[in-house]
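Participant: Pasting work_35.txt here (compact mmCIF, C-alpha atoms):
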# COMPACT_ATOMS: atom_id res chain seq x y z
CA MET A 121 8.88 48.87 11.94
CA PRO A 122 11.96 49.00 14.22
CA GLY A 123 14.07 45.87 14.51
CA PRO A 124 12.89 44.86 18.02
CA VAL A 125 9.26 45.14 16.89
CA ARG A 126 9.89 43.05 13.77
CA ALA A 127 11.28 40.30 16.01
CA VAL A 128 7.75 39.69 17.30
CA PRO A 129 5.98 37.15 15.02
CA GLY A 130 3.12 38.73 13.08
CA PRO A 131 0.49 36.17 14.20
CA LEU A 132 1.41 36.76 17.86
CA ALA A 133 1.07 40.51 17.39
CA ALA A 134 -2.29 40.05 15.66
CA VAL A 135 -3.65 37.89 18.49
CA ALA A 136 -2.37 40.39 21.10
CA LEU A 137 -3.99 43.35 19.33
CA ALA A 138 -7.28 41.49 18.85
CA THR A 139 -7.29 40.48 22.52
CA ALA A 140 -6.56 44.05 23.62
CA ALA A 141 -9.33 45.42 21.38
CA ALA A 142 -11.87 42.89 22.64
CA ALA A 143 -10.99 43.75 26.25
CA ALA A 144 -10.88 47.51 25.72
CA PHE A 145 -14.31 47.67 24.06
CA ASP A 146 -15.80 44.82 26.10
CA LEU A 147 -16.85 43.04 22.90
CA PRO A 148 -19.34 40.15 23.23
CA VAL A 149 -17.11 37.54 21.52
CA ASP A 150 -16.44 33.89 22.29
CA ARG A 151 -13.16 33.41 24.08
CA LEU A 152 -10.86 30.48 24.68
CA GLN A 153 -11.97 28.22 27.53
CA ILE A 154 -9.26 26.69 29.74
CA HIS A 155 -10.14 24.19 32.43
CA GLY A 156 -7.87 22.69 35.05
CA LEU A 157 -5.50 20.09 33.70
CA ALA A 158 -5.97 17.85 36.72
CA GLU A 159 -9.73 17.79 36.23
CA ALA A 160 -9.29 17.08 32.53
CA ILE A 161 -7.41 13.83 33.17
CA GLN A 162 -10.08 11.14 33.16
CA PRO A 163 -8.66 7.69 32.36
CA PRO A 164 -11.21 5.37 30.74
CA GLY A 165 -12.97 2.92 32.99
CA THR A 166 -14.26 -0.58 32.37
CA ALA A 167 -17.44 0.74 30.73
CA GLU A 168 -15.43 2.73 28.16
CA LEU A 169 -13.01 -0.14 27.53
CA ALA A 170 -15.95 -2.48 26.96
CA LEU A 171 -16.98 -0.31 24.01
CA LEU A 172 -13.93 -1.60 22.12
CA ALA A 173 -15.99 -4.73 21.41
CA ASP A 174 -18.47 -2.56 19.48
CA VAL A 175 -17.89 -2.71 15.71
CA THR A 176 -19.05 0.90 15.32
CA VAL A 177 -16.50 2.13 17.84
CA LEU A 178 -13.73 0.13 16.18
CA GLY A 179 -14.71 1.64 12.83
CA THR A 180 -14.41 5.11 14.33
CA VAL A 181 -10.99 4.23 15.74
CA VAL A 182 -9.79 3.03 12.34
CA ALA A 183 -11.18 6.15 10.64
CA PHE A 184 -9.43 8.47 13.09
CA THR A 185 -6.20 6.49 12.73
CA LEU A 186 -6.17 6.70 8.94
CA ILE A 187 -7.18 10.37 8.77
CA CYS A 188 -4.80 11.52 11.51
CA SER A 189 -1.91 9.52 10.04
CA ALA A 190 -2.52 10.90 6.56
CA GLU A 191 -2.89 14.42 7.93
CA SER A 192 0.42 14.15 9.81
CA LEU A 193 2.28 12.80 6.78
CA PHE A 194 0.83 15.49 4.52
CA SER A 195 1.83 18.10 7.07
CA ALA A 196 5.37 16.72 7.35
CA ALA A 197 5.78 16.67 3.56
CA ALA A 198 4.57 20.27 3.29
CA VAL A 199 6.86 21.46 6.10
CA ASP A 200 9.85 19.77 4.44
CA ARG A 201 9.27 22.00 1.41
CA MET A 202 9.30 25.11 3.60
CA HIS A 203 12.83 24.76 4.96
CA ASP A 204 16.29 23.44 4.08
CA GLY A 205 16.90 21.53 7.31
CA PRO A 206 16.77 17.77 7.99
CA ARG A 207 14.00 15.86 6.24
CA THR A 208 11.23 14.08 8.13
CA ASP A 209 11.58 10.40 9.02
CA TYR A 210 8.01 9.30 8.27
CA ASP A 211 8.29 6.01 10.15
CA ARG A 212 9.42 7.80 13.31
CA GLU A 213 6.68 10.38 12.77
CA LEU A 214 3.94 7.72 12.80
CA VAL A 215 5.50 5.80 15.71
CA ALA A 216 5.70 9.00 17.75
CA GLN A 217 2.12 9.91 16.92
CA GLY A 218 0.88 6.44 17.82
CA THR A 219 2.77 6.51 21.12
CA GLY A 220 1.45 9.98 21.93
CA ASN A 221 -2.12 9.00 21.09
CA ALA A 222 -1.84 5.91 23.29
CA VAL A 223 -0.87 8.23 26.17
CA CYS A 224 -3.72 10.61 25.27
CA GLY A 225 -6.19 7.75 25.34
CA ALA A 226 -4.91 6.52 28.69
CA LEU A 227 -5.44 10.02 30.11
CA GLY A 228 -8.88 10.43 28.55
CA ALA A 229 -7.72 13.15 26.14
CA LEU A 230 -8.56 13.73 22.50
CA PRO A 231 -6.28 12.21 19.83
CA MET A 232 -3.61 14.45 18.42
CA THR A 233 -2.29 14.97 14.92
CA ALA A 234 0.09 17.26 13.12
CA VAL A 235 -1.71 20.11 11.35
CA ILE A 236 -0.05 22.06 8.57
CA VAL A 237 -1.30 25.47 9.65
CA ARG A 238 0.21 25.08 13.11
CA SER A 239 3.44 23.67 11.68
CA ALA A 240 3.59 26.43 9.06
CA ALA A 241 3.10 29.08 11.73
CA ASN A 242 5.95 27.51 13.67
CA VAL A 243 8.30 27.58 10.68
CA GLN A 244 7.26 31.10 9.67
CA ALA A 245 7.98 32.26 13.22
CA GLY A 246 11.63 31.23 12.76
CA ALA A 247 11.77 27.56 13.74
CA ARG A 248 15.01 25.91 12.61
CA THR A 249 15.42 22.58 14.43
CA LYS A 250 13.31 19.68 15.65
CA ALA A 251 13.47 21.18 19.14
CA SER A 252 10.95 23.79 17.97
CA ARG A 253 8.31 21.05 17.69
CA VAL A 254 8.90 20.00 21.29
CA LEU A 255 8.96 23.58 22.51
CA HIS A 256 5.69 24.19 20.64
CA GLY A 257 4.01 21.70 22.96
CA VAL A 258 5.97 22.87 26.01
CA TRP A 259 4.77 26.46 25.62
CA LEU A 260 1.17 25.29 25.25
CA LEU A 261 1.50 23.22 28.42
CA VAL A 262 3.19 26.03 30.37
CA PHE A 263 0.57 28.63 29.44
CA ALA A 264 -2.34 26.24 30.02
CA ALA A 265 -1.01 25.26 33.45
CA ALA A 266 0.46 28.57 34.68
CA PHE A 267 -1.39 31.31 32.80
CA PRO A 268 -4.92 30.08 32.06
CA ALA A 269 -6.38 33.56 32.67
CA VAL A 270 -4.22 35.02 29.90
CA LEU A 271 -5.37 32.40 27.40
CA GLN A 272 -9.03 32.82 28.37
CA ALA A 273 -8.85 36.47 27.28
CA ILE A 274 -8.04 35.50 23.66
CA PRO A 275 -11.02 35.67 21.25
CA LEU A 276 -11.56 32.47 19.28
CA ALA A 277 -11.99 34.56 16.13
CA ALA A 278 -8.39 35.78 16.47
CA LEU A 279 -7.06 32.21 16.57
CA ALA A 280 -9.29 31.25 13.66
CA GLY A 281 -7.95 34.21 11.69
CA VAL A 282 -4.36 33.11 12.32
CA LEU A 283 -5.14 29.59 11.10
CA VAL A 284 -6.98 30.78 7.98
CA HIS A 285 -4.17 33.23 7.19
CA ALA A 286 -1.49 30.55 7.61
CA GLY A 287 -3.47 28.12 5.48
CA TRP A 288 -4.10 30.74 2.80
CA ARG A 289 -0.36 31.40 2.50
CA LEU A 290 0.16 27.71 1.79
CA ILE A 291 -2.07 27.77 -1.28
CA PRO A 292 0.15 28.17 -4.39
CA LEU A 293 -2.07 30.79 -6.03
CA PRO A 294 0.36 31.67 -8.90
CA GLN A 295 0.58 27.97 -9.81
CA ILE A 296 -3.16 27.24 -9.82
CA PRO A 297 -3.78 28.41 -13.45
CA ARG A 298 -0.96 26.17 -14.67
CA LEU A 299 -2.18 23.34 -12.47
CA TRP A 300 -5.67 23.76 -13.96
CA ARG A 301 -4.31 23.58 -17.50
CA GLU A 302 -2.01 20.60 -16.98
CA HIS A 303 -3.58 18.62 -14.12
CA ARG A 304 -7.20 19.65 -13.85
CA GLY A 305 -8.08 16.80 -11.51
CA GLU A 306 -5.45 17.88 -8.99
CA ALA A 307 -6.73 21.47 -9.14
CA VAL A 308 -10.30 20.32 -8.47
CA ILE A 309 -9.14 18.31 -5.45
CA LEU A 310 -7.19 21.30 -4.13
CA ILE A 311 -10.12 23.70 -4.48
CA CYS A 312 -12.70 21.28 -3.04
CA THR A 313 -10.49 20.38 -0.07
CA ALA A 314 -9.70 24.01 0.76
CA THR A 315 -13.38 24.97 0.49
CA ALA A 316 -14.50 22.05 2.66
CA VAL A 317 -11.91 22.83 5.35
CA VAL A 318 -13.19 26.40 5.65
CA ALA A 319 -16.91 25.65 5.23
CA LEU A 320 -17.05 22.48 7.38
CA ASN A 321 -14.02 21.64 9.49
CA LEU A 322 -10.50 20.30 9.13
CA PHE A 323 -11.37 16.63 9.69
CA GLU A 324 -14.19 16.55 7.15
CA GLY A 325 -12.18 18.64 4.68
CA VAL A 326 -9.21 16.26 4.79
CA LEU A 327 -11.57 13.27 4.57
CA LEU A 328 -13.21 14.75 1.48
CA GLY A 329 -9.82 15.46 -0.08
CA LEU A 330 -8.67 11.87 0.52
CA LEU A 331 -11.91 10.51 -0.95
CA LEU A 332 -11.55 12.66 -4.07
CA ALA A 333 -7.90 11.60 -4.44
CA VAL A 334 -8.87 7.93 -4.19
CA LEU A 335 -11.61 8.37 -6.78
CA LYS A 336 -9.21 10.22 -9.11
CA THR A 337 -6.62 7.46 -8.73
CA ALA A 338 -9.25 4.78 -9.41
CA TRP A 339 -10.36 6.66 -12.51
CA GLU A 340 -6.81 7.05 -13.84
CA THR A 341 -5.86 3.44 -13.16
CA SER A 342 -8.99 2.24 -14.95
CA GLN A 343 -8.05 3.87 -18.26
CA VAL A 344 -7.59 1.33 -21.05
CA HIS A 345 -7.05 2.12 -24.72
CA LEU A 346 -8.19 -0.12 -27.56
CA ASP A 347 -6.69 0.34 -31.03
CA VAL A 348 -8.16 -1.54 -33.97
CA ASP A 349 -5.99 -2.05 -37.04
CA ASP A 350 -8.22 -3.17 -39.92
CA THR A 351 -6.73 -2.97 -43.40
CA GLY A 352 -9.80 -4.52 -45.00
CA THR A 353 -7.99 -7.75 -45.78
CA GLY A 354 -6.22 -10.20 -43.54
CA PRO A 355 -6.59 -10.44 -39.77
CA ILE A 356 -7.95 -7.64 -37.63
CA ARG A 357 -5.30 -6.62 -35.12
CA VAL A 358 -6.59 -5.23 -31.81
CA ARG A 359 -4.13 -3.82 -29.28
CA LEU A 360 -4.97 -3.12 -25.64
CA SER A 361 -2.86 -0.77 -23.53
CA GLY A 362 -3.19 0.79 -20.10
CA ASN A 363 -4.96 -0.75 -17.11
CA ALA A 364 -7.78 -3.19 -17.84
CA THR A 365 -10.05 -3.30 -14.78
CA PHE A 366 -13.69 -4.18 -14.21
CA LEU A 367 -14.56 -0.47 -14.29
CA ARG A 368 -13.98 -0.39 -18.06
CA LEU A 369 -15.13 -3.92 -18.82
CA PRO A 370 -18.61 -3.10 -20.26
CA LYS A 371 -17.27 -0.58 -22.78
CA LEU A 372 -14.38 -2.88 -23.66
CA LEU A 373 -16.65 -5.84 -24.38
CA ASP A 374 -19.06 -3.70 -26.40
CA THR A 375 -16.21 -2.66 -28.69
CA LEU A 376 -14.92 -6.21 -29.07
CA GLU A 377 -18.39 -7.63 -29.72
CA GLY A 378 -18.81 -5.13 -32.56
CA LEU A 379 -15.89 -6.59 -34.51
CA PRO A 380 -16.72 -8.85 -37.47
CA ARG A 381 -16.52 -12.56 -36.71
CA ASP A 382 -16.00 -13.72 -40.30
CA ARG A 383 -12.32 -12.71 -40.16
CA ARG A 384 -9.49 -13.65 -37.89
CA ILE A 385 -8.97 -11.37 -34.87
CA GLU A 386 -5.60 -11.00 -33.12
CA LEU A 387 -5.95 -9.48 -29.65
CA HIS A 388 -2.57 -8.19 -28.40
CA LEU A 389 -2.32 -7.85 -24.61
CA SER A 390 1.39 -7.03 -24.27
CA GLY A 391 0.63 -3.31 -23.90
CA LEU A 392 -1.39 -3.79 -20.70
CA ARG A 393 0.24 -2.70 -17.46
CA HIS A 394 -2.47 -4.33 -15.37
CA LEU A 395 -5.13 -6.94 -16.12
CA ASP A 396 -7.46 -7.81 -13.24
CA HIS A 397 -9.20 -11.14 -12.82
CA ALA A 398 -12.59 -9.94 -14.09
CA CYS A 399 -11.17 -8.57 -17.33
CA ARG A 400 -8.91 -11.57 -17.88
CA THR A 401 -11.82 -13.97 -17.47
CA ALA A 402 -14.06 -11.90 -19.75
CA LEU A 403 -11.41 -11.68 -22.51
CA VAL A 404 -10.68 -15.41 -22.35
CA ASN A 405 -14.40 -16.22 -22.54
CA TRP A 406 -14.82 -13.82 -25.47
CA ALA A 407 -11.89 -15.42 -27.29
CA GLU A 408 -13.21 -18.95 -26.67
CA THR A 409 -16.65 -17.91 -27.93
CA GLY A 410 -15.02 -16.54 -31.07
CA ARG A 411 -13.14 -19.81 -31.63
CA ASP A 412 -16.31 -21.86 -31.14
CA THR A 413 -18.15 -19.66 -33.62
CA ALA A 414 -15.38 -20.10 -36.17
CA ASP A 415 -15.34 -23.88 -35.67
CA THR A 416 -19.09 -24.25 -36.15
CA ALA A 417 -19.34 -21.88 -39.12
CA SER A 418 -18.72 -23.85 -42.31
CA GLY A 419 -16.01 -22.31 -44.40
CA SER A 420 -15.42 -19.47 -41.96
CA ARG A 421 -11.90 -18.04 -41.75
CA GLY A 422 -12.68 -16.29 -38.48
CA GLY A 423 -11.48 -16.99 -34.98
CA VAL A 424 -9.79 -15.16 -32.12
CA GLU A 425 -6.19 -15.45 -30.95
CA LEU A 426 -4.86 -13.90 -27.75
CA LEU A 427 -1.28 -12.65 -28.04
CA GLY A 428 0.97 -11.34 -25.32
CA ALA A 429 0.95 -11.89 -21.59
CA CYS A 430 -2.26 -13.63 -20.51
CA PRO A 431 -2.08 -16.06 -17.56
CA ASP A 432 -5.02 -18.12 -18.81
CA ARG A 433 -3.72 -18.54 -22.35
For the structure just supplied, provide its representation as structure tokens.

Facilitator:
Amino acid sequence: MPGPVRAVPGPLAAVALATAAAAAFDLPVDRLQIHGLAEAIQPPGTAELALLADVTVLGTVVAFTLICSAESLFSAAAVDRMHDGPRTDYDRELVAQGTGNAVCGALGALPMTAVIVRSAANVQAGARTKASRVLHGVWLLVFAAAFPAVLQAIPLAALAGVLVHAGWRLIPLPQIPRLWREHRGEAVILICTATAVVALNLFEGVLLGLLLAVLKTAWETSQVHLDVDDTGTGPIRVRLSGNATFLRLPKLLDTLEGLPRDRRIELHLSGLRHLDHACRTALVNWAETGRDTADTASGSRGGVELLGACPDR
């Protein structure tokens, strides 16, 4: 296409063509609805403020705060990888979002959050400085206030197509096979989150992705390895490494209980990166039980000794 035509961002051209086609053929499609800004400003009254004493409402507030904050930080991190300009100050990002949402709440508006597809569209359209973020909002305000009729002619499907296209371009398709081979859990989270965003909505998709990430982290941090060194004679040396948490406690105790008690057992804990209270208590009790058994058994050379870092030793 000629240079002046290429200067028009592709998403803007797509929305313009879709709007023209819907108008030319009088297509029965849902269009954007714009209402007066003055009528939309409805500050909360005493009845709404009284709801802040409701635990359910407070839970919703906390949920929106966590999800919107995470969504904004994820978006900022992704945008930083798309350009070579100044990096995001995450503290300022959250302070600005909190301040803006306080103003939105005072005006009776919905909470706001940064969304990667909008930010990506901004960068792909040629944004270079932080002023582009401010102008992004300024143009929305100008068109909503001065040209509502123009916006109301835009089919919702056209805007949805722009968002899906921008989001699709963010998926690292060439890297997914490698990600599946080397980090299968991350690939599953990526696929499930992307599917949920398209099938449900953005909020529920991000919430599902966060939940899966938390579960994956809990699973990885609960991994503990137990190595038994038994030469047939002498003490049995057992070494624990990894993260000993209550999630792995049943399997851990089953393995330890299966060791012979007629020989001395040395349990080395120096390889543990983390030992929670439940596991520490269970290991100490198991060791004390082993000592008591050795003391009461006549002629027994058994017993248990804990070696390494153990606060209760």

Participant: So how far away is CA of Ala241 (chain A) from CA of Met121 (chain A), in Å?

Facilitator: 20.6 Å

Participant: Name all residues at most 9 Å from Ala402 (chain A) (count only C-alpha atoms; drop same-chain ones fewer than 4 positions away) and give them as JSON, numbers by chain.

Facilitator: {"A": [369, 373, 397, 398, 406, 407]}

Participant: Would you kindly return, as a PDB file with C-alpha atoms, keeping the file's coordinate frame, each protein, DNA or RNA residue with an atom no farther than 10 Å from any atom of Val270 (chain A), considering all atoms listed in the file and excluding same-chain residues fewer than 5 positions away?

Facilitator:
ATOM      1  CA  THR A 139      -7.290  40.480  22.520  1.00  0.00           C
ATOM      2  CA  LEU A 152     -10.860  30.480  24.680  1.00  0.00           C
ATOM      3  CA  ILE A 154      -9.260  26.690  29.740  1.00  0.00           C
ATOM      4  CA  PHE A 263       0.570  28.630  29.440  1.00  0.00           C
ATOM      5  CA  ALA A 264      -2.340  26.240  30.020  1.00  0.00           C
TER       6      ALA A 264
END

Participant: When you look at Thr337 (chain A) with a cut-off of 12 Å (counting all atoms listed in the file), what residues show up, excluding the ones that are within fewer than 5 positions of it in the same chain? I need them as a compact mmCIF listing (two decimals) with C-alpha atoms, in the coordinates of the input.

Facilitator:
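Output (out02.txt):
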# COMPACT_ATOMS: atom_id res chain seq x y z
CA GLY A 305 -8.08 16.80 -11.51
CA GLU A 306 -5.45 17.88 -8.99
CA ILE A 309 -9.14 18.31 -5.45
CA LEU A 330 -8.67 11.87 0.52
CA LEU A 331 -11.91 10.51 -0.95
CA LEU A 332 -11.55 12.66 -4.07
CA SER A 342 -8.99 2.24 -14.95
CA GLN A 343 -8.05 3.87 -18.26
CA ASN A 363 -4.96 -0.75 -17.11

Participant: One number please: CA of Gly354 (chain A) to CA of Glu377 (chain A), in Å, one decimal.

Facilitator: 18.6 Å

Participant: Between A:Leu387, A:Leu360, A:Val326, A:Cys399, which has the minimum distance to Val235 (chain A) (counting all atoms listed in the file)?

Facilitator: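 Ranking A:Leu387, A:Leu360, A:Val326, A:Cys399 by distance to Val235 (chain A), first place goes to A:Val326.
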
Participant: One number please: CA of Gly228 (chain A) to CA of Ala160 (chain A), in Å, one decimal.

Facilitator: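 Computed distance, CA of Gly228 (chain A) to CA of Ala160 (chain A), equals 7.8 Å.
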
Participant: Counting all atoms listed in the file, figure out which residue out of A:Ala240, A:Ala273, A:Ala266, A:Val318 gets nearest to Gly156 (chain A).

Facilitator: A:Ala266

Participant: Select, from A:Val282, A:Ser361, A:Thr375, A:Arg368, the residue with the minimum atom-to-atom distance to Ser390 (chain A), counting only C-alpha atoms.

Facilitator: A:Ser361

Participant: Which one is closest to Ile356 (chain A): A:Ala286, A:Met232, A:Ile385, A:Ala316? Count all atoms listed in the file.

Facilitator: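 The shortest atom-to-atom distance to Ile356 (chain A) comes from A:Ile385.
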
Participant: Kindly compute an axis-aligned box around the listed atoms of region 404-409 of chain A, allowing 8 Å on each side, and express its centre and edge lengths in Å to one decimal as AutoDock Vina command-line options.

Facilitator:
--center_x -13.7 --center_y -16.4 --center_z -25.1 --size_x 22.0 --size_y 21.1 --size_z 21.6

Participant: Pick the closest to Val317 (chain A) from A:Ala144, A:Ala269, A:Val284, A:Leu137: which is it, counting all atoms listed in the file?

Facilitator: A:Val284

Participant: Near Ile161 (chain A), within 7 Å and counting all atoms listed in the file, which residues show up once chain neighbours fewer than 3 positions away are dropped, as a PyMOL selection string?

Facilitator: chain A and resi 157-158+227-228
